[in-house]
>>> print(open('run-v7.pdb').read())   # PDB, C-alpha atoms
ATOM      1  CA  MET A 182      -7.946  -7.488  -1.853
ATOM      2  CA  LYS A 183      -9.148 -10.194   0.565
ATOM      3  CA  ARG A 184      -6.303 -12.508  -0.509
ATOM      4  CA  LEU A 185      -3.727  -9.725  -0.377
ATOM      5  CA  PHE A 186      -4.806  -8.331   3.011
ATOM      6  CA  VAL A 187      -2.896 -10.720   5.297
ATOM      7  CA  PRO A 188       0.382 -10.758   3.294
ATOM      8  CA  LEU A 189       0.232  -6.949   3.030
ATOM      9  CA  ALA A 190      -0.442  -6.665   6.777
ATOM     10  CA  VAL A 191       2.639  -8.830   7.476
ATOM     11  CA  VAL A 192       4.767  -6.688   5.129
ATOM     12  CA  ALA A 193       3.482  -3.473   6.749
ATOM     13  CA  ALA A 194       4.158  -4.823  10.260
ATOM     14  CA  ALA A 195       7.717  -5.775   9.264
ATOM     15  CA  MET A 196       8.296  -2.365   7.694
ATOM     16  CA  PHE A 197       6.984  -0.541  10.770
ATOM     17  CA  ALA A 198       9.187  -2.692  12.999
ATOM     18  CA  ALA A 199      12.282  -1.912  10.893
ATOM     19  CA  ALA A 200      11.609   1.815  10.381
ATOM     20  CA  PRO A 201      12.266   3.060  13.977
ATOM     21  CA  VAL A 202      15.506   1.032  14.144
ATOM     22  CA  ALA A 203      16.710   2.528  10.856
ATOM     23  CA  ILE A 204      15.658   6.017  11.991
ATOM     24  CA  ALA A 205      17.519   5.618  15.299
ATOM     25  CA  LYS A 206      20.665   4.508  13.422
ATOM     26  CA  ALA A 207      20.451   7.259  10.795
ATOM     27  CA  ASP A 208      22.910  10.174  10.892
ATOM     28  CA  TYR A 209      21.910  13.533  12.324
ATOM     29  CA  GLU A 210      21.090  16.639  10.313
ATOM     30  CA  SER A 211      23.702  19.386  10.785
ATOM     31  CA  THR A 212      21.507  22.166  12.246
ATOM     32  CA  MET A 213      18.483  20.455  13.828
ATOM     33  CA  LEU A 214      20.277  17.309  15.002
ATOM     34  CA  LEU A 215      18.107  14.814  16.942
ATOM     35  CA  VAL A 216      14.713  16.486  16.482
ATOM     36  CA  GLN A 217      15.060  16.221  12.685
ATOM     37  CA  LYS A 218      14.378  12.486  13.093
ATOM     38  CA  ILE A 219      10.680  13.383  13.385
ATOM     39  CA  PHE A 220      10.931  14.223   9.674
ATOM     40  CA  TYR A 221      10.818  10.557   8.535
ATOM     41  CA  PHE A 222       7.298   9.887   9.846
ATOM     42  CA  HIS A 223       6.203  13.523   9.452
ATOM     43  CA  PHE A 224       6.820  13.489   5.693
ATOM     44  CA  ALA A 225       5.440   9.961   5.323
ATOM     45  CA  THR A 226       2.175  10.853   7.073
ATOM     46  CA  TRP A 227       1.562  13.780   4.678
ATOM     47  CA  MET A 228       2.199  11.437   1.742
ATOM     48  CA  ALA A 229      -0.312   8.946   3.163
ATOM     49  CA  MET A 230      -2.749  11.820   3.661
ATOM     50  CA  THR A 231      -2.181  12.906   0.042
ATOM     51  CA  LEU A 232      -3.047   9.401  -1.171
ATOM     52  CA  ALA A 233      -6.197   9.405   0.972
ATOM     53  CA  ILE A 234      -7.146  12.868  -0.374
ATOM     54  CA  ALA A 235      -6.681  11.687  -3.972
ATOM     55  CA  VAL A 236      -8.843   8.604  -3.337
ATOM     56  CA  CYS A 237     -11.518  10.729  -1.661
ATOM     57  CA  GLY A 238     -11.512  13.289  -4.479
ATOM     58  CA  VAL A 239     -11.751  10.731  -7.295
ATOM     59  CA  ALA A 240     -14.281   8.562  -5.449
ATOM     60  CA  SER A 241     -16.421  11.632  -4.652
ATOM     61  CA  LEU A 242     -16.394  12.629  -8.333
ATOM     62  CA  VAL A 243     -17.401   9.111  -9.401
ATOM     63  CA  TYR A 244     -20.152   9.001  -6.775
ATOM     64  CA  LEU A 245     -21.512  12.432  -7.654
ATOM     65  CA  PHE A 246     -21.680  11.840 -11.415
ATOM     66  CA  ARG A 247     -22.234   8.067 -11.614
ATOM     67  CA  GLY A 248     -23.947   7.321  -8.290
ATOM     68  CA  SER A 249     -21.650   4.363  -7.549
ATOM     69  CA  LYS A 250     -22.165   3.061  -3.987
ATOM     70  CA  LEU A 251     -18.665   1.543  -3.970
ATOM     71  CA  ALA A 252     -17.172   4.949  -4.820
ATOM     72  CA  ASP A 253     -19.115   6.472  -1.916
ATOM     73  CA  TRP A 254     -17.713   3.857   0.473
ATOM     74  CA  TYR A 255     -14.178   4.633  -0.710
ATOM     75  CA  ALA A 256     -14.823   8.366  -0.326
ATOM     76  CA  VAL A 257     -16.018   8.175   3.288
ATOM     77  CA  ALA A 258     -13.302   5.647   4.222
ATOM     78  CA  SER A 259     -10.506   7.786   2.767
ATOM     79  CA  ALA A 260     -11.903  11.006   4.297
ATOM     80  CA  GLU A 261     -11.526   9.399   7.715
ATOM     81  CA  LEU A 262      -7.916   8.489   6.901
ATOM     82  CA  VAL A 263      -7.222  12.082   5.818
ATOM     83  CA  VAL A 264      -8.263  13.262   9.284
ATOM     84  CA  VAL A 265      -6.256  10.540  11.093
ATOM     85  CA  PHE A 266      -3.030  11.224   9.143
ATOM     86  CA  GLY A 267      -3.656  14.966   9.258
ATOM     87  CA  ILE A 268      -3.885  14.916  13.054
ATOM     88  CA  PHE A 269      -0.571  13.072  13.276
ATOM     89  CA  GLY A 270       1.037  15.384  10.702
ATOM     90  CA  LEU A 271       0.024  18.500  12.642
ATOM     91  CA  PHE A 272       0.986  16.973  16.000
ATOM     92  CA  SER A 273       4.413  15.768  14.841
ATOM     93  CA  GLY A 274       5.004  19.113  13.122
ATOM     94  CA  SER A 275       4.177  20.919  16.356
ATOM     95  CA  LEU A 276       6.687  18.806  18.299
ATOM     96  CA  TRP A 277       9.333  19.383  15.644
ATOM     97  CA  GLY A 278       8.573  23.117  15.586
ATOM     98  CA  ARG A 279       8.932  23.348  19.371
ATOM     99  CA  LYS A 280      12.644  22.573  19.009
ATOM    100  CA  ALA A 281      13.396  23.838  15.502
ATOM    101  CA  TRP A 282      11.372  27.089  15.622
ATOM    102  CA  GLY A 283      11.128  27.540  19.383
ATOM    103  CA  VAL A 284       7.305  27.516  19.372
ATOM    104  CA  TRP A 285       4.597  24.854  19.603
ATOM    105  CA  TRP A 286       2.543  26.526  16.890
ATOM    106  CA  GLN A 287       3.222  29.007  14.109
ATOM    107  CA  TRP A 288       0.590  30.633  11.873
ATOM    108  CA  ASP A 289       2.781  29.840   8.903
ATOM    109  CA  ALA A 290       1.110  29.530   5.456
ATOM    110  CA  ARG A 291       1.734  25.761   5.146
ATOM    111  CA  VAL A 292       0.724  24.937   8.717
ATOM    112  CA  THR A 293      -2.425  27.072   8.553
ATOM    113  CA  MET A 294      -3.505  25.705   5.168
ATOM    114  CA  ALA A 295      -2.838  22.111   6.229
ATOM    115  CA  THR A 296      -4.999  22.708   9.332
ATOM    116  CA  MET A 297      -7.796  24.088   7.164
ATOM    117  CA  LEU A 298      -7.530  21.083   4.848
ATOM    118  CA  VAL A 299      -7.907  18.689   7.785
ATOM    119  CA  LEU A 300     -10.908  20.758   8.956
ATOM    120  CA  VAL A 301     -12.537  20.440   5.504
ATOM    121  CA  PHE A 302     -12.358  16.651   5.758
ATOM    122  CA  LEU A 303     -13.496  16.740   9.377
ATOM    123  CA  GLY A 304     -16.464  18.736   8.059
ATOM    124  CA  TYR A 305     -17.002  16.024   5.432
ATOM    125  CA  LEU A 306     -17.271  13.395   8.183
ATOM    126  CA  MET A 307     -19.611  15.564  10.260
ATOM    127  CA  VAL A 308     -21.887  16.120   7.248
ATOM    128  CA  ARG A 309     -21.944  12.344   6.702
ATOM    129  CA  LYS A 310     -22.750  11.638  10.335
ATOM    130  CA  TYR A 311     -25.252  14.376  11.127
ATOM    131  CA  GLY A 312     -26.438  15.586   7.691
ATOM    132  CA  GLY A 313     -29.352  13.193   7.416
ATOM    133  CA  PRO A 314     -30.693  11.701   4.162
ATOM    134  CA  GLY A 315     -28.958  12.949   1.020
ATOM    135  CA  SER A 316     -25.898  14.165   2.892
ATOM    136  CA  GLU A 317     -23.730  11.831   0.779
ATOM    137  CA  LYS A 318     -23.943  14.187  -2.218
ATOM    138  CA  LEU A 319     -23.183  17.294  -0.178
ATOM    139  CA  ALA A 320     -20.239  15.481   1.403
ATOM    140  CA  ALA A 321     -19.031  14.371  -2.059
ATOM    141  CA  ALA A 322     -18.868  18.032  -3.123
ATOM    142  CA  MET A 323     -16.830  18.766   0.010
ATOM    143  CA  GLY A 324     -14.519  15.864  -0.856
ATOM    144  CA  ILE A 325     -13.934  17.238  -4.362
ATOM    145  CA  PHE A 326     -13.188  20.744  -3.089
ATOM    146  CA  GLY A 327     -10.985  19.356  -0.324
ATOM    147  CA  ALA A 328      -8.969  17.448  -2.917
ATOM    148  CA  ALA A 329      -8.765  20.566  -5.123
ATOM    149  CA  THR A 330      -7.243  22.475  -2.172
ATOM    150  CA  ALA A 331      -4.420  19.948  -1.649
ATOM    151  CA  PRO A 332      -2.095  21.222  -4.462
ATOM    152  CA  PHE A 333      -2.329  24.751  -3.002
ATOM    153  CA  VAL A 334      -1.252  23.398   0.393
ATOM    154  CA  TYR A 335       1.712  21.662  -1.263
ATOM    155  CA  LYS A 336       2.841  24.775  -3.165
ATOM    156  CA  SER A 337       2.134  27.199  -0.289
ATOM    157  CA  VAL A 338       5.724  26.951   0.992
ATOM    158  CA  ASP A 339       7.072  28.056  -2.382
ATOM    159  CA  TRP A 340       4.536  30.819  -2.989
ATOM    160  CA  TRP A 341       4.651  32.381   0.492
ATOM    161  CA  ARG A 342       8.136  32.274   1.970
ATOM    162  CA  THR A 343       7.604  31.737   5.661
ATOM    163  CA  ILE A 344       9.297  29.629   8.329
ATOM    164  CA  HIS A 345       8.393  26.171   6.959
ATOM    165  CA  PRO A 346      11.045  24.525   4.688
ATOM    166  CA  GLN A 347      10.351  24.680   0.944
ATOM    167  CA  THR A 348       9.595  21.720  -1.331
ATOM    168  CA  THR A 349      13.249  21.851  -2.491
ATOM    169  CA  VAL A 350      14.237  20.003   0.724
ATOM    170  CA  MET A 351      13.031  16.731  -0.775
ATOM    171  CA  LYS A 352      14.421  17.553  -4.221
ATOM    172  CA  THR A 353      17.944  18.135  -2.876
ATOM    173  CA  LEU A 354      17.878  15.370  -0.259
ATOM    174  CA  GLY A 355      18.770  12.596  -2.714
ATOM    175  CA  GLY A 356      21.969  14.394  -3.762
ATOM    176  CA  ASN A 357      22.986  15.775  -0.358
ATOM    177  CA  TRP A 358      22.167  12.796   1.820
ATOM    178  CA  PRO A 359      21.141   9.593  -0.003
ATOM    179  CA  GLY A 360      20.789   7.602   3.249
ATOM    180  CA  ALA A 361      18.046   9.908   4.530
ATOM    181  CA  TRP A 362      16.426   9.972   1.101
ATOM    182  CA  TYR A 363      16.122   6.170   0.992
ATOM    183  CA  LEU A 364      14.924   6.056   4.592
ATOM    184  CA  VAL A 365      12.214   8.664   4.128
ATOM    185  CA  TRP A 366      10.896   6.824   1.071
ATOM    186  CA  PHE A 367      11.013   3.533   2.987
ATOM    187  CA  CYS A 368       8.888   5.135   5.726
ATOM    188  CA  THR A 369       6.594   6.572   3.066
ATOM    189  CA  ALA A 370       6.159   3.117   1.497
ATOM    190  CA  SER A 371       5.279   1.762   4.973
ATOM    191  CA  PHE A 372       2.668   4.490   5.458
ATOM    192  CA  LEU A 373       1.197   3.955   2.000
ATOM    193  CA  THR A 374       0.900   0.207   2.644
ATOM    194  CA  LEU A 375      -0.822   0.946   5.948
ATOM    195  CA  THR A 376      -3.143   3.380   4.168
ATOM    196  CA  VAL A 377      -4.178   0.708   1.644
ATOM    197  CA  LEU A 378      -4.834  -1.783   4.479
ATOM    198  CA  MET A 379      -6.843   0.629   6.599
ATOM    199  CA  LEU A 380      -8.779   1.766   3.541
ATOM    200  CA  ALA A 381      -9.672  -1.846   2.724
ATOM    201  CA  ALA A 382     -10.808  -2.508   6.308
ATOM    202  CA  ARG A 383     -12.814   0.718   6.418
ATOM    203  CA  VAL A 384     -14.475   0.031   3.024
ATOM    204  CA  ARG A 385     -15.434  -3.429   4.319
ATOM    205  CA  LEU A 386     -17.169  -1.737   7.254
ATOM    206  CA  GLU A 387     -19.149   0.472   4.847
ATOM    207  CA  ALA A 388     -20.107  -2.575   2.742
ATOM    208  CA  MET A 389     -21.314  -4.375   5.887
ATOM    209  CA  ARG A 390     -23.339  -1.333   6.967
ATOM    210  CA  HIS A 391     -24.959  -1.266   3.530
ATOM    211  CA  ARG A 392     -25.811  -4.970   3.811
ATOM    212  CA  LEU A 393     -27.288  -4.389   7.262
ATOM    213  CA  ASP A 394     -29.496  -1.597   5.880
ATOM    214  CA  GLU A 395     -30.685  -3.946   3.147
ATOM    215  CA  MET A 396     -31.448  -6.616   5.766
ATOM    216  CA  TYR A 397     -33.530  -4.128   7.775
ATOM    217  CA  LEU A 398     -35.453  -3.136   4.631
ATOM    218  CA  ALA A 399     -36.050  -6.800   3.763
ATOM    219  CA  ALA A 400     -37.216  -7.464   7.343
ATOM    220  CA  GLU A 401     -39.685  -4.530   7.164
ATOM    221  CA  ASP A 402     -41.091  -5.793   3.866
ATOM    222  CA  SER A 403     -41.585  -9.356   5.085
TER     223      SER A 403
ATOM    224  CA  MET B 284      32.113  42.857  -3.599
ATOM    225  CA  LEU B 285      29.381  41.213  -5.676
ATOM    226  CA  ALA B 286      31.730  38.385  -6.631
ATOM    227  CA  LEU B 287      32.506  37.853  -2.942
ATOM    228  CA  LEU B 288      28.801  37.738  -2.083
ATOM    229  CA  VAL B 289      28.149  35.231  -4.871
ATOM    230  CA  ALA B 290      31.058  33.085  -3.656
ATOM    231  CA  VAL B 291      29.699  33.132  -0.082
ATOM    232  CA  LEU B 292      26.188  32.263  -1.239
ATOM    233  CA  GLN B 293      27.485  29.393  -3.358
ATOM    234  CA  GLN B 294      29.128  27.911  -0.280
ATOM    235  CA  ILE B 295      25.798  27.745   1.586
ATOM    236  CA  PRO B 296      24.433  24.225   1.061
ATOM    237  CA  GLU B 297      20.824  23.805  -0.076
ATOM    238  CA  GLY B 298      18.610  21.464   1.980
ATOM    239  CA  PHE B 299      19.757  18.985   4.635
ATOM    240  CA  VAL B 300      23.457  18.354   5.286
ATOM    241  CA  ARG B 301      24.589  15.176   7.064
ATOM    242  CA  VAL B 302      26.703  15.280  10.230
ATOM    243  CA  THR B 303      27.847  12.415  12.479
ATOM    244  CA  GLY B 304      27.576  12.595  16.282
ATOM    245  CA  VAL B 305      25.523  15.000  18.372
ATOM    246  CA  PRO B 306      26.424  17.058  21.489
ATOM    247  CA  GLN B 307      24.831  15.690  24.696
ATOM    248  CA  THR B 308      23.202  19.036  25.489
ATOM    249  CA  GLU B 309      21.306  18.934  22.232
ATOM    250  CA  GLN B 310      19.928  15.455  22.881
ATOM    251  CA  ILE B 311      18.193  16.238  26.167
ATOM    252  CA  PRO B 312      15.509  18.697  25.052
ATOM    253  CA  ALA B 313      14.877  17.017  21.682
ATOM    254  CA  ALA B 314      14.589  13.388  22.841
ATOM    255  CA  PRO B 315      11.179  13.722  24.600
ATOM    256  CA  LEU B 316       9.778  15.450  21.511
ATOM    257  CA  VAL B 317      10.986  12.709  19.152
ATOM    258  CA  ILE B 318       9.752   9.963  21.496
ATOM    259  CA  ALA B 319       6.398  11.737  21.923
ATOM    260  CA  ALA B 320       5.964  11.971  18.130
ATOM    261  CA  TYR B 321       6.592   8.262  17.532
ATOM    262  CA  ALA B 322       4.634   7.156  20.613
ATOM    263  CA  PHE B 323       1.679   9.311  19.570
ATOM    264  CA  PHE B 324       1.730   7.735  16.110
ATOM    265  CA  LEU B 325       1.696   4.239  17.613
ATOM    266  CA  LEU B 326      -1.170   5.093  19.993
ATOM    267  CA  LEU B 327      -3.156   6.830  17.258
ATOM    268  CA  MET B 328      -2.839   3.852  14.903
ATOM    269  CA  VAL B 329      -3.739   1.333  17.629
ATOM    270  CA  PHE B 330      -6.738   3.466  18.631
ATOM    271  CA  TYR B 331      -7.937   3.920  15.045
ATOM    272  CA  LEU B 332      -7.573   0.209  14.193
ATOM    273  CA  TRP B 333      -9.438  -0.618  17.415
ATOM    274  CA  THR B 334     -12.299   1.698  16.410
ATOM    275  CA  ILE B 335     -12.569  -0.033  12.990
ATOM    276  CA  TRP B 336     -12.512  -3.470  14.649
ATOM    277  CA  ARG B 337     -15.152  -2.381  17.201
ATOM    278  CA  ARG B 338     -17.444  -0.893  14.541
ATOM    279  CA  ILE B 339     -17.178  -4.036  12.384
ATOM    280  CA  GLY B 340     -17.973  -6.113  15.492
ATOM    281  CA  LYS B 341     -21.060  -3.995  16.255
ATOM    282  CA  VAL B 342     -22.426  -4.357  12.705
ATOM    283  CA  GLU B 343     -21.759  -8.118  12.760
ATOM    284  CA  THR B 344     -23.618  -8.474  16.071
ATOM    285  CA  GLU B 345     -26.545  -6.468  14.736
ATOM    286  CA  MET B 346     -26.634  -8.675  11.618
ATOM    287  CA  HIS B 347     -26.718 -11.852  13.710
ATOM    288  CA  VAL B 348     -29.512 -10.478  15.916
ATOM    289  CA  LEU B 349     -31.548  -9.523  12.859
ATOM    290  CA  GLU B 350     -30.977 -12.906  11.211
ATOM    291  CA  ARG B 351     -32.024 -14.714  14.396
ATOM    292  CA  ARG B 352     -35.131 -12.540  14.719
ATOM    293  CA  GLN B 353     -36.045 -13.262  11.102
ATOM    294  CA  SER B 354     -35.551 -17.021  11.447
ATOM    295  CA  GLU B 355     -37.681 -17.008  14.645
ATOM    296  CA  LYS B 356     -40.482 -15.218  12.762
ATOM    297  CA  ARG B 357     -40.534 -17.939  10.130
TER     298      ARG B 357
END
>>> encode(input="run-v7.pdb", output="structure tokens")
Amino acid sequence: MKRLFVPLAVVAAAMFAAAPVAIAKADYESTMLLVQKIFYFHFATWMAMTLAIAVCGVASLVYLFRGSKLADWYAVASAELVVVFGIFGLFSGSLWGRKAWGVWWQWDARVTMATMLVLVFLGYLMVRKYGGPGSEKLAAAMGIFGAATAPFVYKSVDWWRTIHPQTTVMKTLGGNWPGAWYLVWFCTASFLTLTVLMLAARVRLEAMRHRLDEMYLAAEDS
Amino acid sequence: MLALLVAVLQQIPEGFVRVTGVPQTEQIPAAPLVIAAYAFFLLLMVFYLWTIWRRIGKVETEMHVLERRQSEKR
């Protein structure tokens, strides 16, 4: 990853420079018009959050049953990314909703469940920070259950018909409007690249913290 | 009557439909929201990357201090 980090960072920077230009040039959606342009980063951030959730869930499982330190570092690093992307997803959704729904906030099934999911991972981070010794295992259980909740959040718009668009929006987008379909996946690829980079940087921080702990232990022994 | 209803429903497009051009009145209230969304993303990413960089810096400093203290002991 060390060798790939700089080239990937350059690719991500180029993609994030190109994305707003392409979004500005993209056509408007027939009913929502300009405000629909929030969709490109809004969708991409939830995809990045989904990747982070998957990493956290798998890494938490590996840590809980195998005790791998590396898995624990990945779990805590990805949990932080879930919260970061979740905050942006909720914020951008609120701005979009202000124009499209006429309200800043709606207790819609998808919005409420997504908020709860972000809170679960915020809880994970709080357990890690303030839980004391052994909190890693408790947090790992939270990570697994947080990841298990994610599919319910995804399907919530289909199961409970509320104000939020259904999952069919993305399924029909390719046929109805290929330009937007390509653009949203381009933005998603940019977000996923950024996720990988931030995850690598954050895991490095955990590895350094572990090394520092070992140095303190060695210093106490000597 | 049912056939008419089915015909009407079939005409309703599913999902997003593309349109070119936008009335000026529609742009005014939406523009600050779109700009706020993208600006917030930029600020959030810059802030988060800064926090990672700062935390790595802190750990590195602590490592150097510890190493120096250890070498002084010897």
>>> atom_distance(input="run-v7.pdb", atom1="atom CA of Ala321 of chain A", atom2="atom CA of Val264 of chain A")
15.7 Å
>>> interface_residues(input="run-v7.pdb", of="chain A", to="chain B", cutoff="6 Å", atoms="all atoms listed in the file", output="PDB file with C-alpha atoms, keeping the file's coordinate frame")
ATOM      1  CA  ASP A 208      22.910  10.174  10.892  1.00  0.00           C
ATOM      2  CA  TYR A 209      21.910  13.533  12.324  1.00  0.00           C
ATOM      3  CA  GLU A 210      21.090  16.639  10.313  1.00  0.00           C
ATOM      4  CA  SER A 211      23.702  19.386  10.785  1.00  0.00           C
ATOM      5  CA  VAL A 216      14.713  16.486  16.482  1.00  0.00           C
ATOM      6  CA  ILE A 219      10.680  13.383  13.385  1.00  0.00           C
ATOM      7  CA  SER A 273       4.413  15.768  14.841  1.00  0.00           C
ATOM      8  CA  LEU A 276       6.687  18.806  18.299  1.00  0.00           C
ATOM      9  CA  VAL A 350      14.237  20.003   0.724  1.00  0.00           C
ATOM     10  CA  THR A 353      17.944  18.135  -2.876  1.00  0.00           C
ATOM     11  CA  LEU A 386     -17.169  -1.737   7.254  1.00  0.00           C
TER      12      LEU A 386
END
>>> resolve_selection(input="run-v7.pdb", expression="the PyMOL selection byres ((chain A and resi 378) around 10)", output="PyMOL selection string")
chain A and resi 182+185-187+189-190+193+372-377+379-384
>>> atom_distance(input="run-v7.pdb", atom1="atom CA of Leu271 of chain A", atom2="atom CA of Trp227 of chain A")
9.4 Å
>>> resolve_selection(input="run-v7.pdb", expression="the PyMOL selection byres ((chain A and resi 259) around 10)", output="VMD selection string")
chain A and resid 230 232 to 238 240 253 to 258 260 to 265 302 324 376 to 377 379 to 381 383 to 384
>>> atom_distance(input="run-v7.pdb", atom1="atom CA of Trp285 of chain A", atom2="atom CA of Phe272 of chain A")
9.4 Å
>>> residues_around(input="run-v7.pdb", residues="segment 195-205 of chain A", least_positions_apart="2", cutoff="8 Å", atoms="all atoms listed in the file", output="PyMOL selection string")
chain A and resi 191-193+207+218+221+364+367-368+371
>>> closest_residue(input="run-v7.pdb", among="A:Val284, A:Leu214, A:Ala290, A:Ile268", to="Tyr335 of chain A", atoms="all atoms listed in the file")
A:Ala290
>>> residues_around(input="run-v7.pdb", residues="Ala329 of chain A", least_positions_apart="2", cutoff="12 Å", atoms="only C-alpha atoms", output="list in words")
Thr231, Ile234, Ala235, Cys237, Gly238, Val239, Ser241, Leu242, Leu298, Val301, Ala322, Met323, Gly324, Ile325, Phe326, Gly327, Ala331, Pro332, Phe333, Val334 and Tyr335 of chain A
>>> build_atoms(input="run-v7.pdb", residues="segment 311-322 of chain B", atoms="N, CA and C atoms", output="short mmCIF file (atom, residue, chain, number, x, y, z; two decimals), in the frame of the given file")
data_model
loop_
_atom_site.label_atom_id
_atom_site.label_comp_id
_atom_site.auth_asym_id
_atom_site.auth_seq_id
_atom_site.Cartn_x
_atom_site.Cartn_y
_atom_site.Cartn_z
N ILE B 311 19.13 16.22 25.03
CA ILE B 311 18.19 16.24 26.17
C ILE B 311 16.84 16.89 25.83
N PRO B 312 16.83 18.11 25.32
CA PRO B 312 15.51 18.70 25.05
C PRO B 312 14.78 18.07 23.86
N ALA B 313 15.50 17.54 22.90
CA ALA B 313 14.88 17.02 21.68
C ALA B 313 14.32 15.61 21.87
N ALA B 314 14.98 14.79 22.70
CA ALA B 314 14.59 13.39 22.84
C ALA B 314 13.12 13.20 23.23
N PRO B 315 12.60 13.92 24.26
CA PRO B 315 11.18 13.72 24.60
C PRO B 315 10.23 14.07 23.45
N LEU B 316 10.62 15.05 22.64
CA LEU B 316 9.78 15.45 21.51
C LEU B 316 9.74 14.35 20.45
N VAL B 317 10.90 13.78 20.16
CA VAL B 317 10.99 12.71 19.15
C VAL B 317 10.22 11.48 19.65
N ILE B 318 10.44 11.13 20.92
CA ILE B 318 9.75 9.96 21.50
C ILE B 318 8.25 10.20 21.50
N ALA B 319 7.83 11.41 21.88
CA ALA B 319 6.40 11.74 21.92
C ALA B 319 5.77 11.60 20.54
N ALA B 320 6.49 12.04 19.50
CA ALA B 320 5.96 11.97 18.13
C ALA B 320 5.72 10.52 17.72
N TYR B 321 6.72 9.67 17.96
CA TYR B 321 6.59 8.26 17.53
C TYR B 321 5.60 7.49 18.42
N ALA B 322 5.59 7.81 19.71
CA ALA B 322 4.63 7.16 20.61
C ALA B 322 3.20 7.56 20.26
#
